[in-house]
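Just entry_17.cif here, mmCIF, C-alpha atoms and all ligand atoms:
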data_protein
#
loop_
_atom_site.label_atom_id
_atom_site.label_comp_id
_atom_site.auth_asym_id
_atom_site.auth_seq_id
_atom_site.Cartn_x
_atom_site.Cartn_y
_atom_site.Cartn_z
CA MET A 25 76.29 135.84 169.89
CA ASN A 26 72.97 136.67 168.27
CA ASP A 27 70.81 133.68 167.38
CA TYR A 28 69.83 134.83 163.88
CA ASN A 29 68.71 131.33 162.91
CA LYS A 30 66.15 131.30 165.67
CA ALA A 31 64.92 134.76 164.63
CA LYS A 32 64.54 133.58 161.03
CA GLU A 33 62.69 130.43 162.19
CA TRP A 34 60.29 132.53 164.25
CA ILE A 35 59.71 134.89 161.33
CA ALA A 36 59.12 132.01 158.91
CA GLY A 37 56.67 130.37 161.33
CA ALA A 38 54.61 133.47 162.16
CA LYS A 39 51.45 134.63 160.37
CA ASN A 40 50.89 138.08 161.85
CA ILE A 41 54.15 139.93 162.30
CA TYR A 42 54.27 143.57 163.41
CA ALA A 43 57.11 145.92 164.30
CA PHE A 44 57.10 148.34 167.22
CA THR A 45 59.78 150.99 166.85
CA GLY A 46 61.37 153.77 168.86
CA ALA A 47 63.98 156.48 168.41
CA GLY A 48 66.78 153.91 168.01
CA ILE A 49 65.65 152.92 164.52
CA SER A 50 66.28 156.47 163.33
CA VAL A 51 69.68 156.92 164.98
CA GLU A 52 71.38 155.63 161.82
CA SER A 53 69.44 158.28 159.86
CA GLY A 54 71.19 160.91 161.98
CA ILE A 55 68.32 161.62 164.39
CA GLN A 56 69.20 161.89 168.07
CA PRO A 57 67.35 159.59 170.50
CA PHE A 58 65.65 161.00 173.59
CA ARG A 59 67.70 159.24 176.25
CA GLY A 60 71.25 157.97 176.73
CA LYS A 61 74.51 159.84 176.31
CA ASP A 62 73.55 161.43 172.96
CA GLY A 63 69.93 161.89 173.96
CA ILE A 64 68.15 165.21 173.56
CA TYR A 65 66.89 165.15 177.16
CA GLY A 66 70.50 165.58 178.31
CA LYS A 67 70.85 168.74 176.22
CA TYR A 68 67.48 170.46 176.21
CA ASP A 69 64.87 171.35 178.79
CA ALA A 70 62.23 168.60 178.67
CA ARG A 71 59.56 171.15 179.76
CA MET A 72 59.43 172.28 176.10
CA LEU A 73 57.56 169.05 175.42
CA GLU A 74 55.00 169.51 178.20
CA ILE A 75 51.70 170.77 176.82
CA GLU A 76 50.98 173.26 179.64
CA TYR A 77 54.43 174.81 179.29
CA PHE A 78 54.21 174.93 175.50
CA LEU A 79 50.79 176.65 175.56
CA GLN A 80 52.07 179.29 177.97
CA HIS A 81 55.48 179.81 176.30
CA PRO A 82 55.16 179.10 172.56
CA ASN A 83 57.74 181.79 171.70
CA GLU A 84 60.32 180.10 173.91
CA CYS A 85 59.46 176.51 172.94
CA TRP A 86 59.15 176.78 169.16
CA PRO A 87 62.80 177.68 168.33
CA VAL A 88 63.96 174.72 170.47
CA ILE A 89 61.38 172.35 168.96
CA TYR A 90 62.32 173.52 165.47
CA ASP A 91 66.01 173.00 166.15
CA VAL A 92 65.65 169.62 167.85
CA PHE A 93 63.06 168.04 165.57
CA TYR A 94 62.22 169.87 162.31
CA ARG A 95 65.76 170.85 161.32
CA GLN A 96 67.09 167.32 161.99
CA ILE A 97 64.17 165.61 160.27
CA LYS A 98 64.44 167.78 157.15
CA ALA A 99 68.07 166.63 156.78
CA ALA A 100 67.33 162.94 157.47
CA LYS A 101 66.44 160.11 155.11
CA PRO A 102 64.94 156.68 155.87
CA ASN A 103 67.70 154.13 156.48
CA VAL A 104 67.89 150.46 155.48
CA ALA A 105 65.95 149.42 158.58
CA HIS A 106 62.97 151.65 157.69
CA ILE A 107 63.17 150.55 154.06
CA LYS A 108 63.38 146.80 154.80
CA LEU A 109 60.32 147.03 157.05
CA ALA A 110 58.40 148.77 154.27
CA GLU A 111 59.56 146.23 151.69
CA SER A 112 58.62 143.34 153.97
CA GLU A 113 55.15 144.81 154.38
CA ALA A 114 54.77 145.21 150.61
CA ALA A 115 55.86 141.57 150.21
CA GLY A 116 53.23 140.47 152.74
CA LYS A 117 55.80 139.29 155.30
CA ILE A 118 54.91 141.80 157.96
CA GLN A 119 51.51 143.31 158.59
CA GLY A 120 52.36 146.76 159.88
CA VAL A 121 54.47 149.10 161.99
CA ILE A 122 53.59 150.90 165.21
CA THR A 123 56.09 153.67 165.84
CA GLN A 124 56.65 156.04 168.74
CA ASN A 125 58.70 158.21 166.40
CA ILE A 126 57.50 161.58 165.18
CA ASP A 127 60.04 161.85 162.36
CA GLY A 128 57.84 160.50 159.57
CA LEU A 129 60.65 158.23 158.29
CA HIS A 130 58.54 155.04 158.21
CA ALA A 131 55.97 156.80 156.02
CA ARG A 132 58.73 158.18 153.78
CA ALA A 133 60.20 154.67 153.48
CA GLY A 134 56.85 153.45 152.17
CA THR A 135 55.22 151.74 155.16
CA ARG A 136 51.48 151.92 154.56
CA ASN A 137 50.00 150.11 157.56
CA LEU A 138 51.46 152.59 160.00
CA VAL A 139 50.41 153.73 163.45
CA GLU A 140 52.21 156.88 164.55
CA PHE A 141 51.44 156.37 168.23
CA HIS A 142 52.89 159.73 169.33
CA GLY A 143 51.75 161.67 166.27
CA THR A 144 54.06 163.29 163.75
CA CYS A 145 56.08 166.37 162.87
CA SER A 146 54.80 166.07 159.29
CA THR A 147 51.75 168.18 160.16
CA MET A 148 50.91 170.98 162.58
CA VAL A 149 47.57 171.78 164.16
CA CYS A 150 46.06 175.19 164.92
CA MET A 151 45.29 175.47 168.64
CA GLN A 152 42.42 177.84 167.89
CA CYS A 153 40.52 176.59 164.81
CA GLY A 154 41.87 173.02 164.44
CA ASN A 155 43.25 173.68 160.95
CA ILE A 156 45.82 171.01 159.99
CA VAL A 157 48.83 172.31 158.08
CA ASN A 158 51.41 170.28 156.18
CA SER A 159 54.80 171.12 157.74
CA ASP A 160 56.44 171.10 154.29
CA ASP A 161 54.26 174.12 153.42
CA SER A 162 55.88 176.22 156.14
CA ASP A 163 59.33 177.77 155.70
CA PHE A 164 59.67 178.28 159.50
CA LYS A 165 61.38 181.62 158.80
CA LYS A 166 59.24 183.17 161.52
CA LEU A 167 58.68 181.24 164.75
CA PRO A 168 56.23 180.32 166.11
CA PRO A 169 54.47 179.38 162.85
CA VAL A 170 50.89 180.64 162.72
CA CYS A 171 47.66 179.45 161.12
CA SER A 172 46.91 180.97 157.72
CA HIS A 173 43.19 181.12 158.64
CA CYS A 174 43.17 182.67 162.10
CA GLN A 175 46.83 183.63 162.79
CA SER A 176 46.91 181.57 166.00
CA VAL A 177 49.98 179.59 167.00
CA LEU A 178 50.38 176.16 165.42
CA LYS A 179 51.33 173.16 167.54
CA PRO A 180 53.40 170.28 166.16
CA ASN A 181 50.95 167.43 165.58
CA PHE A 182 52.75 165.17 168.02
CA VAL A 183 51.78 164.10 171.51
CA PHE A 184 53.20 166.37 174.21
CA PHE A 185 53.57 165.18 177.79
CA GLY A 186 50.18 165.80 179.37
CA GLU A 187 48.26 164.99 176.16
CA SER A 188 46.44 161.75 175.38
CA ILE A 189 47.38 159.28 172.68
CA PRO A 190 45.07 159.81 169.66
CA HIS A 191 42.16 157.34 170.01
CA SER A 192 42.48 155.86 166.56
CA ALA A 193 46.23 155.19 167.01
CA TYR A 194 45.66 153.55 170.38
CA ASP A 195 42.72 151.44 169.18
CA THR A 196 44.50 150.25 166.05
CA ALA A 197 47.67 149.36 167.97
CA MET A 198 45.69 147.34 170.53
CA ARG A 199 43.67 145.59 167.81
CA TRP A 200 46.86 144.63 165.97
CA MET A 201 48.48 143.33 169.18
CA GLN A 202 45.54 141.02 169.82
CA LYS A 203 46.17 139.16 166.59
CA CYS A 204 49.98 139.54 166.48
CA ASP A 205 51.98 136.33 166.87
CA LEU A 206 55.44 137.90 166.47
CA LEU A 207 56.41 141.43 167.46
CA MET A 208 59.76 142.97 166.55
CA VAL A 209 60.60 145.62 169.16
CA ILE A 210 63.24 147.84 167.58
CA GLY A 211 65.23 150.66 169.18
CA THR A 212 63.14 151.64 172.16
CA SER A 213 64.00 152.03 175.82
CA GLY A 214 60.45 150.86 176.54
CA ILE A 215 59.89 153.12 179.50
CA VAL A 216 57.27 155.58 178.25
CA PHE A 217 53.69 154.44 178.85
CA PRO A 218 51.21 153.70 177.41
CA ALA A 219 53.46 152.90 174.40
CA ALA A 220 55.55 150.56 176.56
CA SER A 221 52.46 148.42 177.19
CA ILE A 222 52.30 147.44 173.49
CA PRO A 223 54.77 144.50 173.78
CA GLN A 224 53.05 143.50 177.03
CA VAL A 225 49.68 143.32 175.27
CA ALA A 226 51.21 141.24 172.47
CA THR A 227 52.79 138.88 175.02
CA MET A 228 49.46 138.53 176.87
CA HIS A 229 47.92 137.39 173.60
CA GLY A 230 50.64 134.79 173.04
CA ALA A 231 53.03 136.62 170.71
CA LYS A 232 56.74 135.94 170.61
CA ILE A 233 58.97 139.01 170.86
CA ILE A 234 62.22 139.77 169.04
CA ILE A 235 64.03 142.71 170.66
CA ILE A 236 66.62 144.62 168.61
CA ASN A 237 68.80 147.06 170.53
CA PRO A 238 72.54 147.71 171.01
CA ASP A 239 71.90 147.97 174.75
CA GLU A 240 70.91 144.71 176.41
CA SER A 241 70.24 146.12 179.88
CA GLY A 242 66.78 145.31 181.17
CA HIS A 243 65.88 142.95 178.31
CA GLN A 244 64.91 139.39 179.16
CA GLN A 245 65.80 136.35 177.12
CA ASN A 246 63.45 133.37 177.45
CA GLN A 247 61.45 130.96 175.30
CA HIS A 248 59.14 133.79 174.16
CA ASN A 249 61.69 136.63 173.99
CA LEU A 250 64.73 136.72 171.73
CA PHE A 251 67.19 139.56 172.20
CA LEU A 252 69.36 140.54 169.23
CA LYS A 253 72.14 142.91 170.19
CA GLY A 254 73.12 145.55 167.64
CA GLY A 255 72.03 148.54 165.62
CA ALA A 256 68.72 148.33 163.76
CA VAL A 257 70.29 148.41 160.28
CA GLU A 258 72.75 145.59 160.93
CA VAL A 259 70.27 143.30 162.68
CA ILE A 260 67.32 143.89 160.34
CA ASN A 261 69.62 143.23 157.40
CA GLU A 262 70.38 139.84 158.92
CA ILE A 263 66.84 138.76 159.67
CA LEU A 264 64.60 140.32 156.98
P1 LIG B 1 64.75 156.46 173.79
O1 LIG B 1 65.67 157.58 173.47
O2 LIG B 1 64.20 156.40 175.18
O3 LIG B 1 65.47 155.06 173.53
C1 LIG B 1 66.17 154.82 172.33
C2 LIG B 1 66.57 153.35 172.32
O4 LIG B 1 67.22 153.10 171.09
C3 LIG B 1 67.54 152.93 173.45
O5 LIG B 1 67.08 151.71 174.02
C4 LIG B 1 68.87 152.72 172.70
O6 LIG B 1 69.67 151.70 173.32
C5 LIG B 1 68.38 152.29 171.33
N1 LIG B 1 69.31 152.53 170.21
C6 LIG B 1 70.31 153.43 170.09
N2 LIG B 1 70.92 153.33 168.90
C7 LIG B 1 70.29 152.36 168.22
C8 LIG B 1 70.43 151.77 166.90
N3 LIG B 1 71.36 152.21 166.05
N4 LIG B 1 69.58 150.77 166.56
C9 LIG B 1 68.64 150.32 167.42
N5 LIG B 1 68.45 150.84 168.65
C10 LIG B 1 69.26 151.83 169.06
O7 LIG B 1 63.59 156.49 172.69
P2 LIG B 1 62.13 155.85 172.74
O8 LIG B 1 62.14 154.54 173.43
O9 LIG B 1 61.61 155.90 171.36
O10 LIG B 1 57.79 160.51 173.42
O11 LIG B 1 61.37 156.91 173.62
C11 LIG B 1 60.00 156.77 173.86
C12 LIG B 1 59.33 158.10 173.91
O12 LIG B 1 59.98 158.94 174.87
C13 LIG B 1 59.40 158.91 172.63
O13 LIG B 1 58.44 158.54 171.67
C14 LIG B 1 59.17 160.31 173.10
C15 LIG B 1 60.01 160.31 174.37
O14 LIG B 1 59.55 161.15 175.38
C16 LIG B 1 57.10 161.49 172.80
O15 LIG B 1 57.57 162.17 171.94
C17 LIG B 1 55.71 161.64 173.29
#
Translate this structure into structure tokens?
Amino acid sequence: MNDYNKAKEWIAGAKNIYAFTGAGISVESGIQPFRGKDGIYGKYDARMLEIEYFLQHPNECWPVIYDVFYRQIKAAKPNVAHIKLAESEAAGKIQGVITQNIDGLHARAGTRNLVEFHGTCSTMVCMQCGNIVNSDDSDFKKLPPVCSHCQSVLKPNFVFFGESIPHSAYDTAMRWMQKCDLLMVIGTSGIVFPAASIPQVATMHGAKIIIINPDESGHQQNQHNLFLKGGAVEVINEIL
């Protein structure tokens, strides 16, 4: 049984609350996670998300990337979990959200203090001239999409395997974790580093952790960690 009272006590007693989210928070918006039985890694070749492979084979990668990410994201809307986090931030109850997700749903829900740790599908970047293009301005009728300035291939503005985390995202996340006293870890398998170090940094600085996930495997329960089993929408509805 989930200890919602304890979660509410922790939330009421904390001054600097942040959320750290992964693909699980967007599952109830119809977006597939990366891992698990419905995960995209079971269906598609993960090399498409390696930077070296993408740069050498943009014609092969782009239709898959469009299908897996852009088509799904266009059809998706923020769910109650995204919206409640945004409302809680507006009400001053939580300070910000760090997400690993590239779907832009936290921004669309209205979260303003947002770190998109792995970048976003909302924009694309020209590999040649650095031009940044809003993805909504492209109809994706012809793939790969190309830069209107120099006609070079555009890359989704998210972090491929083999690329570094953008400095500003990393620095902001670490700064927030140093002052965080309660971190809500929502819908992540927590196995991709350096993102997975974010709860560790918060813990090192004395934060309590509330973990929200339907899958309890690998999650510890102790005086600093509270595990709440369930989908993000159901659990966030209970505690925020
Ligand atoms: P994963 O696909 O690894 O994990 C999704 C997590 O969400 C799992 O722990 C599920 O149990 C949980 N989950 C499923 N349904 C849920 C629901 N309705 N509510 C809450 N949780 C639910 O996704 P991430 O941990 O986000 O990297 O993956 C981390 C990174 O790996 C991604 O950012 C991506 C990928 O490679 C990049 O794109 C660079």
(request) Would you mind listing what lies within 6 Å of segment 32-48 of chain A as a PyMOL selection string, with all atoms listed in the file counted and same-chain residues fewer than 4 positions away left out? (result) chain A and resi 57+118-125+204-212+263
Check which residues fall inside 7 Å of ligand LIG 1 (chain B) when counting all atoms listed in the file, and print them as a PyMOL selection string. chain A and resi 45-49+51-52+57-60+63+124-126+142+182-185+210-216+236-239+254-257
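Minimum distance to Ala219 of chain A across A:Ser188, A:Thr144, A:Gln56, A:Asn155 (counting all atoms listed in the file) occurs at A:Ser188.
Between atom CA of Met25 of chain A and atom CA of Ala220 of chain A there is a distance of 26.3 Å.
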Between atom CA of Asn246 of chain A and atom CA of Ala231 of chain A lies a distance of 12.8 Å
Can you list every residue of segment 47-152 of chain A that has an atom at most 8 Å from segment 158-170 of chain A, with its nearest atom pair and the distance in Å to one decimal, using all atoms listed in the file, ordered by chain then number, as CSV?
residue,atom,partner,partner_atom,distance
A:Pro82,CA,A:Pro168,CA,6.7
A:Asn83,CA,A:Pro168,CA,6.0
A:Trp86,CA,A:Pro168,CA,5.5
A:Pro87,CA,A:Leu167,CA,6.5
A:Cys145,CA,A:Ser159,CA,7.1
A:Ser146,CA,A:Ser159,CA,5.3
A:Thr147,CA,A:Asn158,CA,4.5
A:Met148,CA,A:Ser159,CA,6.2
A:Cys150,CA,A:Val170,CA,7.6
Would you kindly return, as a PDB file with C-alpha atoms, in the frame of the given file, each protein, DNA or RNA residue with an atom no farther than 6 Å from any atom of His106 of chain A, considering all atoms listed in the file and excluding same-chain residues fewer than 3 positions away?
ATOM      1  CA  PRO A 102      64.940 156.680 155.870  1.00  0.00           C
ATOM      2  CA  ASN A 103      67.700 154.130 156.480  1.00  0.00           C
ATOM      3  CA  LEU A 109      60.320 147.030 157.050  1.00  0.00           C
ATOM      4  CA  HIS A 130      58.540 155.040 158.210  1.00  0.00           C
ATOM      5  CA  ALA A 133      60.200 154.670 153.480  1.00  0.00           C
TER       6      ALA A 133
END
